[in-house]
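Q: Next up, query36.tsv (TSV, C-alpha atoms and all ligand atoms).
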```
chain	number	residue	atom	x	y	z
Y	26	MET	CA	136.27	142.38	211.27
Y	27	LYS	CA	139.83	141.73	210.21
Y	28	GLN	CA	141.66	139.41	212.57
Y	29	GLN	CA	144.70	140.90	214.21
Y	30	ALA	CA	147.95	139.10	213.43
Y	31	ARG	CA	148.91	136.98	216.42
Y	32	GLN	CA	151.68	138.59	218.41
Y	33	ARG	CA	154.92	136.71	217.91
Y	34	PRO	CA	157.00	136.29	221.08
Y	35	THR	CA	160.26	138.22	221.19
Y	36	LEU	CA	163.65	136.53	221.25
Y	37	GLU	CA	164.05	137.43	224.93
Y	38	SER	CA	160.67	136.06	225.95
Y	39	LEU	CA	161.33	132.84	224.03
Y	40	ALA	CA	164.77	132.37	225.57
Y	41	ASP	CA	163.50	133.15	229.09
Y	42	GLY	CA	160.48	130.91	228.59
Y	43	VAL	CA	162.60	127.99	227.42
Y	44	LEU	CA	165.10	128.41	230.26
Y	45	ASN	CA	162.24	128.58	232.77
Y	46	GLY	CA	160.78	125.35	231.40
Y	47	ASP	CA	157.61	126.95	230.05
Y	48	ARG	CA	156.06	124.29	227.77
Y	49	ILE	CA	154.10	126.74	225.63
Y	50	LEU	CA	157.12	128.92	224.93
Y	51	LEU	CA	159.23	125.81	224.32
Y	52	ALA	CA	156.70	124.72	221.68
Y	53	GLN	CA	156.83	128.20	220.12
Y	54	ALA	CA	160.63	128.14	220.17
Y	55	ILE	CA	160.59	124.84	218.28
Y	56	THR	CA	158.16	126.29	215.76
Y	57	LEU	CA	160.59	129.16	215.24
Y	58	ILE	CA	163.60	126.95	214.57
Y	59	GLU	CA	161.52	124.78	212.23
Y	60	SER	CA	160.35	127.83	210.28
Y	61	HIS	CA	161.27	128.13	206.62
Y	62	ARG	CA	160.71	131.88	206.60
Y	63	PRO	CA	163.97	133.66	205.78
Y	64	ASP	CA	163.18	136.44	208.28
Y	65	ASP	CA	163.01	133.86	211.13
Y	66	GLU	CA	166.53	132.59	210.44
Y	67	ALA	CA	168.46	135.22	212.42
Y	68	THR	CA	166.15	134.95	215.46
Y	69	ALA	CA	166.39	131.15	215.40
Y	70	ILE	CA	170.20	131.30	215.38
Y	71	ALA	CA	170.21	133.92	218.17
Y	72	LEU	CA	167.88	131.76	220.26
Y	73	LEU	CA	170.08	128.70	219.85
Y	74	GLU	CA	173.12	130.77	220.88
Y	75	LYS	CA	171.34	131.87	224.04
Y	76	VAL	CA	170.33	128.36	225.09
Y	77	MET	CA	173.49	126.52	224.01
Y	78	PRO	CA	175.35	126.93	227.35
Y	79	HIS	CA	172.37	125.32	229.11
Y	80	THR	CA	172.29	122.19	226.95
Y	81	GLY	CA	173.93	118.79	227.09
Y	82	ASN	CA	172.76	117.70	230.54
Y	83	SER	CA	170.04	115.31	229.39
Y	84	LEU	CA	170.23	111.73	228.37
Y	85	ARG	CA	169.32	111.32	224.70
Y	86	ILE	CA	167.51	108.12	223.81
Y	87	GLY	CA	166.52	107.09	220.29
Y	88	ILE	CA	163.64	104.65	219.84
Y	89	THR	CA	162.79	103.13	216.50
Y	90	GLY	CA	160.50	100.44	215.11
Y	91	THR	CA	158.10	99.81	212.27
Y	92	PRO	CA	154.54	101.21	212.43
Y	93	GLY	CA	152.41	99.14	214.80
Y	94	VAL	CA	155.34	97.65	216.74
Y	95	GLY	CA	154.09	99.52	219.78
Y	96	LYS	CA	156.33	102.58	219.96
Y	97	SER	CA	153.89	105.08	221.37
Y	98	THR	CA	152.50	102.57	223.88
Y	99	PHE	CA	156.02	101.63	224.93
Y	100	ILE	CA	157.10	105.28	225.26
Y	101	GLU	CA	154.01	105.92	227.40
Y	102	SER	CA	155.16	103.18	229.79
Y	103	LEU	CA	158.82	104.17	229.81
Y	104	GLY	CA	157.78	107.80	230.19
Y	105	GLN	CA	155.64	106.99	233.24
Y	106	PHE	CA	158.57	105.14	234.71
Y	107	ILE	CA	160.82	108.17	234.21
Y	108	LEU	CA	158.21	110.48	235.76
Y	109	LYS	CA	157.86	108.20	238.78
Y	110	ASN	CA	161.58	108.71	239.34
Y	111	ASN	CA	160.89	112.46	239.57
Y	112	LYS	CA	162.53	113.22	236.26
Y	113	LYS	CA	161.22	115.18	233.30
Y	114	VAL	CA	160.86	113.63	229.86
Y	115	ALA	CA	160.49	115.12	226.39
Y	116	VAL	CA	159.46	113.04	223.39
Y	117	LEU	CA	160.30	114.33	219.92
Y	118	SER	CA	158.73	112.22	217.20
Y	119	ILE	CA	160.18	112.36	213.73
Y	120	ASP	CA	157.44	111.52	211.29
Y	121	PRO	CA	158.90	110.97	207.86
Y	122	THR	CA	156.14	111.32	205.33
Y	123	SER	CA	155.09	108.09	203.73
Y	124	PRO	CA	157.09	107.43	200.57
Y	125	VAL	CA	153.96	105.91	199.01
Y	126	GLY	CA	150.99	108.01	200.03
Y	127	GLY	CA	152.85	111.16	201.01
Y	128	GLY	CA	150.87	111.17	204.28
Y	129	SER	CA	152.01	110.97	207.86
Y	130	ILE	CA	153.22	107.51	208.98
Y	131	LEU	CA	152.85	107.99	212.71
Y	132	GLY	CA	149.23	108.90	212.13
Y	133	ASP	CA	146.95	111.68	213.25
Y	134	LYS	CA	145.59	109.90	216.29
Y	135	THR	CA	146.48	111.38	219.64
Y	136	ARG	CA	149.53	109.48	220.72
Y	137	MET	CA	150.87	109.12	224.27
Y	138	GLU	CA	147.77	110.67	225.75
Y	139	THR	CA	148.52	110.02	229.42
Y	140	LEU	CA	152.08	111.24	229.09
Y	141	SER	CA	151.06	114.41	227.29
Y	142	LYS	CA	148.81	115.40	230.20
Y	143	ASN	CA	151.67	115.33	232.70
Y	144	ARG	CA	153.30	118.69	233.34
Y	145	ASN	CA	156.73	117.07	233.54
Y	146	ALA	CA	156.39	115.63	230.04
Y	147	PHE	CA	156.59	117.35	226.68
Y	148	ILE	CA	155.52	115.67	223.45
Y	149	ARG	CA	156.25	117.13	220.07
Y	150	PRO	CA	155.65	115.48	216.70
Y	151	THR	CA	157.79	116.88	213.93
Y	152	ALA	CA	156.19	115.93	210.64
Y	153	SER	CA	158.12	117.23	207.73
Y	154	LEU	CA	158.30	117.06	203.98
Y	155	ASP	CA	161.97	117.98	204.12
Y	156	SER	CA	164.75	115.72	203.11
Y	157	LEU	CA	165.86	113.60	206.07
Y	158	GLY	CA	168.98	115.71	206.43
Y	159	GLY	CA	166.77	118.73	207.04
Y	160	VAL	CA	164.65	116.85	209.55
Y	161	ALA	CA	167.72	115.72	211.43
Y	162	GLN	CA	169.10	119.23	211.76
Y	163	ARG	CA	165.84	120.61	213.12
Y	164	THR	CA	165.32	117.64	215.45
Y	165	ARG	CA	168.77	118.15	216.91
Y	166	GLU	CA	167.95	121.79	217.53
Y	167	SER	CA	164.60	120.90	219.11
Y	168	MET	CA	166.52	118.50	221.34
Y	169	LEU	CA	168.81	121.34	222.49
Y	170	LEU	CA	165.80	123.54	223.27
Y	171	ALA	CA	164.18	120.75	225.31
Y	172	GLU	CA	167.44	120.21	227.18
Y	173	ALA	CA	167.70	123.91	227.99
Y	174	ALA	CA	164.11	123.68	229.26
Y	175	GLY	CA	165.29	121.17	231.86
Y	176	TYR	CA	164.10	117.83	230.50
Y	177	ASP	CA	166.28	115.08	231.96
Y	178	PHE	CA	165.45	112.56	229.25
Y	179	ILE	CA	164.91	113.31	225.60
Y	180	ILE	CA	163.34	110.47	223.66
Y	181	ILE	CA	163.63	110.75	219.91
Y	182	GLU	CA	161.14	108.47	218.26
Y	183	THR	CA	161.30	107.48	214.65
Y	184	VAL	CA	159.61	105.06	212.29
Y	185	GLY	CA	162.02	102.43	211.07
Y	186	VAL	CA	161.72	103.28	207.42
Y	187	GLY	CA	164.19	104.78	205.01
Y	188	GLN	CA	167.23	106.37	206.53
Y	189	SER	CA	165.65	108.01	209.54
Y	190	GLU	CA	167.02	105.49	212.04
Y	191	TYR	CA	170.56	106.21	210.90
Y	192	SER	CA	170.01	109.94	211.41
Y	193	VAL	CA	168.61	109.31	214.88
Y	194	LYS	CA	171.44	106.97	215.86
Y	195	GLU	CA	173.76	109.88	215.08
Y	196	MET	CA	172.11	112.22	217.56
Y	197	VAL	CA	171.51	110.06	220.64
Y	198	ASP	CA	173.46	108.46	223.48
Y	199	PHE	CA	171.45	105.24	223.47
Y	200	PHE	CA	169.57	103.64	220.60
Y	201	LEU	CA	166.74	101.23	221.32
Y	202	LEU	CA	165.25	99.06	218.63
Y	203	LEU	CA	161.68	97.75	219.07
Y	204	MET	CA	160.85	94.49	217.33
Y	205	LEU	CA	157.60	92.63	216.96
Y	206	PRO	CA	157.93	88.84	217.19
Y	207	GLY	CA	156.98	86.78	214.16
Y	208	SER	CA	155.97	89.66	211.92
Y	209	GLY	CA	158.56	89.50	209.20
Y	210	ASP	CA	160.11	92.42	211.06
Y	211	ASP	CA	162.77	89.99	212.18
Y	212	LEU	CA	164.16	89.35	208.76
Y	213	GLN	CA	163.81	92.91	207.62
Y	214	GLY	CA	165.77	94.07	210.65
Y	215	MET	CA	168.61	91.73	209.82
Y	216	LYS	CA	168.70	92.78	206.21
Y	217	LYS	CA	169.04	96.41	207.02
Y	218	GLY	CA	171.88	95.78	209.38
Y	219	ILE	CA	169.88	97.75	211.89
Y	220	VAL	CA	170.74	95.28	214.62
Y	221	GLU	CA	174.26	96.68	214.47
Y	222	LEU	CA	172.96	100.14	215.31
Y	223	ALA	CA	171.09	99.05	218.43
Y	224	ASP	CA	172.35	99.46	222.00
Y	225	ALA	CA	169.45	97.22	223.07
Y	226	ILE	CA	166.60	95.40	221.39
Y	227	ALA	CA	163.17	95.25	223.00
Y	228	ILE	CA	160.80	92.58	221.76
Y	229	THR	CA	157.36	94.17	222.14
Y	230	LYS	CA	153.94	92.73	223.04
Y	231	ALA	CA	155.41	89.80	224.96
Y	232	ASP	CA	152.08	89.00	226.58
Y	233	GLY	CA	149.14	86.62	226.21
Y	234	ASP	CA	149.38	84.28	223.21
Y	235	ASN	CA	152.45	86.13	222.03
Y	236	VAL	CA	154.78	85.05	224.81
Y	237	ASN	CA	156.19	81.98	223.06
Y	238	ARG	CA	156.79	83.77	219.79
Y	239	ALA	CA	158.41	86.60	221.72
Y	240	ARG	CA	160.78	84.15	223.42
Y	241	GLN	CA	161.73	82.65	220.06
Y	242	ALA	CA	162.41	86.10	218.65
Y	243	GLN	CA	164.52	86.91	221.72
Y	244	ALA	CA	166.67	83.82	221.14
Y	245	MET	CA	167.04	84.65	217.46
Y	246	TYR	CA	168.16	88.22	218.07
Y	247	ALA	CA	170.47	87.22	220.87
Y	248	GLN	CA	172.10	84.82	218.39
Y	249	ALA	CA	172.31	87.52	215.68
Y	250	ILE	CA	173.92	89.93	218.15
Y	251	HIS	CA	176.33	87.26	219.28
Y	252	THR	CA	177.45	86.85	215.65
Y	253	VAL	CA	177.90	90.59	215.17
Y	254	TYR	CA	179.77	91.14	218.44
Y	255	THR	CA	181.93	88.04	218.68
Y	256	GLY	CA	184.21	88.29	221.68
Y	257	ALA	CA	182.83	91.61	222.96
Y	258	THR	CA	182.23	91.94	226.71
Y	259	ASN	CA	179.17	94.18	226.67
Y	260	THR	CA	176.76	93.10	223.99
Y	261	PRO	CA	173.38	94.80	223.51
Y	262	PRO	CA	170.73	93.01	225.59
Y	263	VAL	CA	167.57	91.61	224.03
Y	264	ILE	CA	164.67	92.28	226.40
Y	265	LEU	CA	161.12	90.92	226.41
Y	266	THR	CA	158.67	93.76	227.03
Y	267	SER	CA	154.97	94.32	227.29
Y	268	ALA	CA	153.48	97.74	227.71
Y	269	VAL	CA	150.25	95.97	228.71
Y	270	SER	CA	151.64	93.88	231.60
Y	271	GLY	CA	154.55	96.21	232.30
Y	272	VAL	CA	157.07	93.37	231.85
Y	273	GLY	CA	160.55	94.49	230.84
Y	274	ILE	CA	160.09	98.25	231.15
Y	275	GLU	CA	162.27	98.46	234.24
Y	276	GLU	CA	164.78	96.12	232.59
Y	277	VAL	CA	165.05	98.49	229.61
Y	278	TRP	CA	165.55	101.36	232.02
Y	279	THR	CA	168.31	99.45	233.81
Y	280	ALA	CA	169.97	98.57	230.49
Y	281	ILE	CA	170.03	102.27	229.58
Y	282	SER	CA	171.35	103.33	233.00
Y	283	ASP	CA	174.04	100.62	232.99
Y	284	ALA	CA	175.25	101.47	229.49
Y	285	VAL	CA	175.41	105.16	230.30
Y	286	ALA	CA	177.28	104.58	233.57
Y	287	ARG	CA	179.74	102.32	231.78
Y	288	THR	CA	180.38	104.63	228.82
Y	289	LYS	CA	180.67	107.70	231.04
Y	290	LEU	CA	183.32	105.93	233.07
Y	291	SER	CA	185.30	104.82	230.02
Y	292	GLY	CA	185.05	108.21	228.31
Y	293	ALA	CA	183.18	106.69	225.34
Y	294	PHE	CA	180.09	108.72	226.18
Y	295	ASP	CA	181.82	112.08	225.75
Y	296	GLN	CA	183.77	110.87	222.74
Y	297	GLN	CA	180.54	109.89	220.99
Y	298	ARG	CA	178.90	113.22	221.81
Y	299	ASN	CA	181.92	115.15	220.56
Y	300	ARG	CA	181.97	113.16	217.36
Y	301	GLN	CA	178.25	113.86	216.91
Y	302	TYR	CA	178.73	117.61	217.41
Y	303	VAL	CA	181.52	117.71	214.85
Y	304	ALA	CA	179.41	115.71	212.36
Y	305	TRP	CA	176.53	118.10	213.01
Y	306	LEU	CA	178.68	121.13	212.20
Y	307	ASN	CA	179.94	119.51	209.01
Y	308	ASP	CA	176.48	118.38	207.92
Y	309	GLN	CA	175.10	121.83	208.50
Y	310	PHE	CA	177.98	123.41	206.59
Y	311	ALA	CA	177.55	121.00	203.67
Y	312	ALA	CA	173.83	121.85	203.55
Y	313	LEU	CA	174.57	125.59	203.55
Y	314	LEU	CA	177.14	125.20	200.82
Y	315	LYS	CA	174.74	123.21	198.69
Y	316	SER	CA	172.04	125.85	198.88
Y	317	ASP	CA	174.53	128.70	198.45
Y	318	VAL	CA	175.65	127.47	195.05
Y	319	TRP	CA	172.24	127.77	193.43
Y	320	GLN	CA	171.53	131.35	194.47
Y	321	TYR	CA	173.69	132.64	191.58
Y	322	ASP	CA	171.91	133.01	188.22
Y	323	GLN	CA	175.21	132.65	186.39
Y	324	VAL	CA	175.87	129.29	188.04
Y	325	ARG	CA	172.42	128.05	187.07
Y	326	THR	CA	172.94	129.26	183.48
Y	327	ALA	CA	176.33	127.54	183.33
Y	328	GLN	CA	174.70	124.40	184.70
Y	329	SER	CA	172.05	124.16	181.96
Y	330	LEU	CA	174.69	124.77	179.29
Y	331	LEU	CA	176.92	122.07	180.74
Y	332	GLU	CA	173.97	119.70	181.04
Y	333	SER	CA	173.37	119.90	177.30
Y	334	GLU	CA	177.08	119.42	176.64
Y	335	VAL	CA	177.23	116.23	178.68
Y	336	THR	CA	174.03	114.82	177.19
Y	337	SER	CA	175.35	115.48	173.65
Y	338	LYS	CA	178.62	113.87	174.76
Y	339	THR	CA	180.68	116.89	173.74
Y	340	LYS	CA	182.04	117.11	177.27
Y	341	SER	CA	182.73	114.59	179.99
Y	342	PRO	CA	180.73	114.98	183.22
Y	343	ARG	CA	184.03	115.26	185.09
Y	344	LYS	CA	185.23	118.24	183.07
Y	345	ALA	CA	181.75	119.79	183.18
Y	346	ALA	CA	181.62	119.50	186.97
Y	347	ASN	CA	185.01	121.21	187.23
Y	348	GLU	CA	183.83	124.03	185.00
Y	349	LEU	CA	180.69	124.42	187.07
Y	350	LEU	CA	182.77	124.70	190.21
Y	351	ALA	CA	184.95	127.30	188.49
Y	352	ALA	CA	181.80	129.25	187.54
Y	353	TYR	CA	180.73	129.18	191.20
Y	354	HIS	CA	184.17	130.32	192.39
Y	355	ARG	CA	184.07	133.26	189.93
Y	356	GLN	CA	180.73	134.33	191.41
Y	357	ILE	CA	181.79	134.20	195.04
Y	358	LYS	CA	185.04	136.02	194.30
Y	359	GLY	CA	183.03	138.76	192.63
Y	360	SER	CA	180.44	139.08	195.38
Y	401	LIG	P1	153.30	102.40	216.98
Y	401	LIG	O1	152.64	102.57	215.65
Y	401	LIG	O2	154.60	101.69	216.86
Y	401	LIG	O3	153.39	103.67	217.77
Y	401	LIG	O4	152.36	101.38	217.81
Y	401	LIG	P2	151.25	101.66	218.92
Y	401	LIG	O5	151.88	102.01	220.22
Y	401	LIG	O6	150.25	102.63	218.37
Y	401	LIG	O7	150.62	100.21	219.08
Y	401	LIG	C1	150.03	99.53	217.98
Y	401	LIG	C2	148.97	98.56	218.52
Y	401	LIG	O8	149.60	97.58	219.33
Y	401	LIG	C3	147.92	99.22	219.37
Y	401	LIG	O9	146.68	98.65	219.07
Y	401	LIG	C4	148.34	98.89	220.79
Y	401	LIG	O10	147.24	98.82	221.67
Y	401	LIG	C5	148.99	97.53	220.62
Y	401	LIG	N1	150.03	97.33	221.63
Y	401	LIG	C6	151.04	98.16	221.94
Y	401	LIG	N2	151.83	97.67	222.91
Y	401	LIG	C7	151.31	96.46	223.24
Y	401	LIG	C8	151.69	95.45	224.18
Y	401	LIG	O11	152.65	95.56	224.94
Y	401	LIG	N3	150.92	94.31	224.20
Y	401	LIG	C9	149.83	94.16	223.38
Y	401	LIG	N4	149.17	93.04	223.47
Y	401	LIG	N5	149.46	95.10	222.49
Y	401	LIG	C10	150.17	96.24	222.42
```
Using the file provided, produce a representation of the structure as structure tokens.
Ligand code: GDP
A:
Amino acid sequence: MKQQARQRPTLESLADGVLNGDRILLAQAITLIESHRPDDEATAIALLEKVMPHTGNSLRIGITGTPGVGKSTFIESLGQFILKNNKKVAVLSIDPTSPVGGGSILGDKTRMETLSKNRNAFIRPTASLDSLGGVAQRTRESMLLAEAAGYDFIIIETVGVGQSEYSVKEMVDFFLLLMLPGSGDDLQGMKKGIVELADAIAITKADGDNVNRARQAQAMYAQAIHTVYTGATNTPPVILTSAVSGVGIEEVWTAISDAVARTKLSGAFDQQRNRQYVAWLNDQFAALLKSDVWQYDQVRTAQSLLESEVTSKTKSPRKAANELLAAYHRQIKGS
């Protein structure tokens, strides 16, 4: 017997479900906004419009670190801490596909098992083959949906590879960097200038035989931060943590709460959010513009002609680019 197509929820039921904190409908709403189907586009936009007035009340925390540093274990512990304080937590994991194997980096294993069983927690991996820009847009929208669903804390987890940590930094209020002592992570972190992005650094697995190495790493990062923030009053703390013994989890929590209280008071919190919203609009517009250009056959034809002219050196790339833009302008004026 032919299987009946699964009934897709209506816009109204999705919006109501999200606003009522229904986890299944929230998951379906995220699937909708992640959809690449052109006929889902209008519904996705309408859904975001409906939830938008109910967003912005959560605290957005970014957590990054290389594979194996202990992200999911750490988020389990921090998540439990948040739940114990009678707050709701959503974890959105960005899983950039491995540049080498093309496979998932975060892995297929069930992550954050205890957390995922709690009704006040919502876990959503967002694996994607998209460019990072595309991932960032959809993650931001998923974040809005989770906020509208009443989650007090949104944790955005990312693997510290490529550019993903920069994208995440741009969408959160607090950015936490996880570092493994004595793993070569230390040097890599410095090289990438990632220390400058962090609002706090947590040295992970500071337990058992690792404690001494963890302390050394703590001193090293504290020194690196001191160099970056010479003369500043509030420098990012470097905290020893262990998800196994529970050491440092509360300290991380306090560091987050303190930073938020301080930046809310100074106005820096709202300024950063406003700047992020404006950047979001402009990123989205740039992405739309980029895809708009190539929908015109005439522009694509002009492009291949100009490509052969620049490769045969009969035209400079600068002139060719101007002509291509003119070809695009002719098309949009005519449409
Ligand atoms: P992720 O890839 O960054 O998400 O790392 P996981 O959370 O999956 O942890 C990688 C490995 O480190 C697992 O085998 C964990 O059991 C172990 N691990 C995580 N946190 C700790 C910790 O605080 N102490 C110790 N000793 N091991 C840990």
Q: Within 9 Å of (173.8, 99.8, 216.2) (coordinates as in the file), grab all the protein and nucleic acid residues, counting all atoms listed in the file, and write them out as a JSON list (two decimals) with C-alpha atoms, in the frame of the given file.
A:
```json
[["chain", "number", "residue", "atom", "x", "y", "z"],
["Y", 191, "TYR", "CA", 170.56, 106.21, 210.90],
["Y", 194, "LYS", "CA", 171.44, 106.97, 215.86],
["Y", 200, "PHE", "CA", 169.57, 103.64, 220.60],
["Y", 201, "LEU", "CA", 166.74, 101.23, 221.32],
["Y", 202, "LEU", "CA", 165.25, 99.06, 218.63],
["Y", 218, "GLY", "CA", 171.88, 95.78, 209.38],
["Y", 219, "ILE", "CA", 169.88, 97.75, 211.89],
["Y", 220, "VAL", "CA", 170.74, 95.28, 214.62],
["Y", 221, "GLU", "CA", 174.26, 96.68, 214.47],
["Y", 222, "LEU", "CA", 172.96, 100.14, 215.31],
["Y", 223, "ALA", "CA", 171.09, 99.05, 218.43],
["Y", 224, "ASP", "CA", 172.35, 99.46, 222.00],
["Y", 225, "ALA", "CA", 169.45, 97.22, 223.07],
["Y", 261, "PRO", "CA", 173.38, 94.80, 223.51]]
```
Q: As a PDB file with C-alpha atoms, in the coordinates of the input, please: the residues near Ile88 of chain Y (cut-off 9 Å, all atoms listed in the file, same-chain neighbours under 2 positions excluded).
A:
```
ATOM      1  CA  ILE Y  86     167.510 108.120 223.810  1.00  0.00           C
ATOM      2  CA  GLY Y  90     160.500 100.440 215.110  1.00  0.00           C
ATOM      3  CA  LYS Y  96     156.330 102.580 219.960  1.00  0.00           C
ATOM      4  CA  ILE Y 100     157.100 105.280 225.260  1.00  0.00           C
ATOM      5  CA  ILE Y 180     163.340 110.470 223.660  1.00  0.00           C
ATOM      6  CA  ILE Y 181     163.630 110.750 219.910  1.00  0.00           C
ATOM      7  CA  GLU Y 182     161.140 108.470 218.260  1.00  0.00           C
ATOM      8  CA  THR Y 183     161.300 107.480 214.650  1.00  0.00           C
ATOM      9  CA  VAL Y 184     159.610 105.060 212.290  1.00  0.00           C
ATOM     10  CA  GLU Y 190     167.020 105.490 212.040  1.00  0.00           C
ATOM     11  CA  VAL Y 193     168.610 109.310 214.880  1.00  0.00           C
ATOM     12  CA  PHE Y 199     171.450 105.240 223.470  1.00  0.00           C
ATOM     13  CA  PHE Y 200     169.570 103.640 220.600  1.00  0.00           C
ATOM     14  CA  LEU Y 201     166.740 101.230 221.320  1.00  0.00           C
ATOM     15  CA  LEU Y 202     165.250  99.060 218.630  1.00  0.00           C
ATOM     16  CA  LEU Y 203     161.680  97.750 219.070  1.00  0.00           C
TER      17      LEU Y 203
END
```
Q: Using all atoms listed in the file for the distances, tell me which of Y:Gly273, Y:Pro342, Y:Gly93, Y:Pro206 is nearest to ligand LIG 401 (chain Y).
A: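 Closest residue, counting all atoms listed in the file: Y:Gly93.
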Q: How close does chain Y get to ligand LIG 401 (chain Y)? List, as a Markdown table, each residue of chain Y within 10 Å, its nearest atom pair and the distance in Å to one decimal, counting only C-alpha atoms and all ligand atoms.
A:
```
| residue | atom | partner | partner_atom | distance |
| --- | --- | --- | --- | --- |
| Y:Ile88 | CA | Y:LIG401 | O2 | 10.0 |
| Y:Thr89 | CA | Y:LIG401 | O2 | 8.3 |
| Y:Gly90 | CA | Y:LIG401 | O2 | 6.3 |
| Y:Thr91 | CA | Y:LIG401 | O2 | 6.1 |
| Y:Pro92 | CA | Y:LIG401 | O1 | 4.0 |
| Y:Gly93 | CA | Y:LIG401 | O1 | 3.5 |
| Y:Val94 | CA | Y:LIG401 | O2 | 4.1 |
| Y:Gly95 | CA | Y:LIG401 | O4 | 3.2 |
| Y:Lys96 | CA | Y:LIG401 | O2 | 3.7 |
| Y:Ser97 | CA | Y:LIG401 | O5 | 3.8 |
| Y:Thr98 | CA | Y:LIG401 | O5 | 3.8 |
| Y:Phe99 | CA | Y:LIG401 | N2 | 6.1 |
| Y:Ile100 | CA | Y:LIG401 | O5 | 8.0 |
| Y:Glu101 | CA | Y:LIG401 | O5 | 8.4 |
| Y:Ser102 | CA | Y:LIG401 | O11 | 9.4 |
| Y:Ile130 | CA | Y:LIG401 | O1 | 8.3 |
| Y:Leu131 | CA | Y:LIG401 | O1 | 6.2 |
| Y:Gly132 | CA | Y:LIG401 | O1 | 8.0 |
| Y:Lys134 | CA | Y:LIG401 | O6 | 8.9 |
| Y:Thr135 | CA | Y:LIG401 | O6 | 9.6 |
| Y:Arg136 | CA | Y:LIG401 | O6 | 7.3 |
| Y:Met137 | CA | Y:LIG401 | O5 | 8.2 |
| Y:Glu182 | CA | Y:LIG401 | O3 | 9.1 |
| Y:Thr183 | CA | Y:LIG401 | O2 | 9.1 |
| Y:Val184 | CA | Y:LIG401 | O2 | 7.6 |
| Y:Gly185 | CA | Y:LIG401 | O2 | 9.4 |
| Y:Leu203 | CA | Y:LIG401 | O2 | 8.4 |
| Y:Met204 | CA | Y:LIG401 | O2 | 9.5 |
| Y:Leu205 | CA | Y:LIG401 | O2 | 9.5 |
| Y:Ile228 | CA | Y:LIG401 | O11 | 9.2 |
| Y:Thr229 | CA | Y:LIG401 | O11 | 5.7 |
| Y:Lys230 | CA | Y:LIG401 | N3 | 3.6 |
| Y:Ala231 | CA | Y:LIG401 | O11 | 6.4 |
| Y:Asp232 | CA | Y:LIG401 | N4 | 5.9 |
| Y:Gly233 | CA | Y:LIG401 | N4 | 7.0 |
| Y:Asp234 | CA | Y:LIG401 | N4 | 8.8 |
| Y:Asn235 | CA | Y:LIG401 | N4 | 7.8 |
| Y:Val236 | CA | Y:LIG401 | N4 | 9.9 |
| Y:Leu265 | CA | Y:LIG401 | O11 | 9.8 |
| Y:Thr266 | CA | Y:LIG401 | O11 | 6.6 |
| Y:Ser267 | CA | Y:LIG401 | O11 | 3.5 |
| Y:Ala268 | CA | Y:LIG401 | O11 | 3.6 |
| Y:Val269 | CA | Y:LIG401 | O11 | 4.5 |
| Y:Ser270 | CA | Y:LIG401 | O11 | 6.9 |
| Y:Gly271 | CA | Y:LIG401 | O11 | 7.6 |
| Y:Val272 | CA | Y:LIG401 | O11 | 8.5 |
| Y:Gly273 | CA | Y:LIG401 | O11 | 9.9 |
```
Q: Do you have the atom CA of Val324 of chain Y-atom CA of Lys344 of chain Y distance handy?
A: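 These atoms are spaced 15.3 Å apart.
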Q: Given the choices Y:Ile274, Y:Leu117, Y:Gly87, Y:Ala242, which gets closest to Ser192 of chain Y if the distance is worked out from all atoms listed in the file?
A: Y:Gly87
Q: Select, from Y:Ala249, Y:Ile226, Y:Leu44, Y:Ala284, the residue with the minimum atom-to-atom distance to Ile264 of chain Y, counting only C-alpha atoms.
A: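 Going through Y:Ala249, Y:Ile226, Y:Leu44, Y:Ala284 one by one, the smallest distance to Ile264 of chain Y is for Y:Ile226.
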Q: How many Å lie between atom CA of Arg300 of chain Y and atom CA of Glu195 of chain Y, rounded to one decimal?
A: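 About the pair atom CA of Arg300 of chain Y and atom CA of Glu195 of chain Y: they are 9.1 Å apart.
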Q: Return the single residue from Y:Thr151, Y:Ala239, Y:Thr164, Y:Gln53 that is closest to Pro34 of chain Y, with distances computed using all atoms listed in the file.
A: Y:Gln53
Q: Would you please work out which residue, of Y:Asp177, Y:Glu74, Y:Asp295, Y:Glu138, is nearest to Leu108 of chain Y when using all atoms listed in the file?
A: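 Closest to Leu108 of chain Y, using all atoms listed in the file: Y:Asp177.
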Q: Considering all atoms listed in the file, state which residue in the set Y:Gln356, Y:Val76, Y:Ile119, Y:Ala304 is at the smallest distance from Asp322 of chain Y.
A: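 Answer, going by the shortest atom-to-atom distance: Y:Gln356.
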Q: Could you work out how far atom CA of Ile107 of chain Y lies from atom CA of Leu57 of chain Y, giving the answer in Å with one decimal?
A: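 These two atoms are separated by 28.3 Å.
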Q: Within 10 Å of (154.1, 115.4, 227.8) (coordinates as in the file), grab all the protein and nucleic acid residues, counting all atoms listed in the file, and write them out as a short mmCIF file (atom, residue, chain, number, x, y, z; two decimals) with C-alpha atoms, keeping the file's coordinate frame.
A:
```cif
data_model
loop_
_atom_site.label_atom_id
_atom_site.label_comp_id
_atom_site.auth_asym_id
_atom_site.auth_seq_id
_atom_site.Cartn_x
_atom_site.Cartn_y
_atom_site.Cartn_z
CA ARG Y 48 156.06 124.29 227.77
CA GLU Y 101 154.01 105.92 227.40
CA GLY Y 104 157.78 107.80 230.19
CA LYS Y 113 161.22 115.18 233.30
CA VAL Y 114 160.86 113.63 229.86
CA ALA Y 115 160.49 115.12 226.39
CA VAL Y 116 159.46 113.04 223.39
CA MET Y 137 150.87 109.12 224.27
CA GLU Y 138 147.77 110.67 225.75
CA THR Y 139 148.52 110.02 229.42
CA LEU Y 140 152.08 111.24 229.09
CA SER Y 141 151.06 114.41 227.29
CA LYS Y 142 148.81 115.40 230.20
CA ASN Y 143 151.67 115.33 232.70
CA ARG Y 144 153.30 118.69 233.34
CA ASN Y 145 156.73 117.07 233.54
CA ALA Y 146 156.39 115.63 230.04
CA PHE Y 147 156.59 117.35 226.68
CA ILE Y 148 155.52 115.67 223.45
CA ARG Y 149 156.25 117.13 220.07
#
```
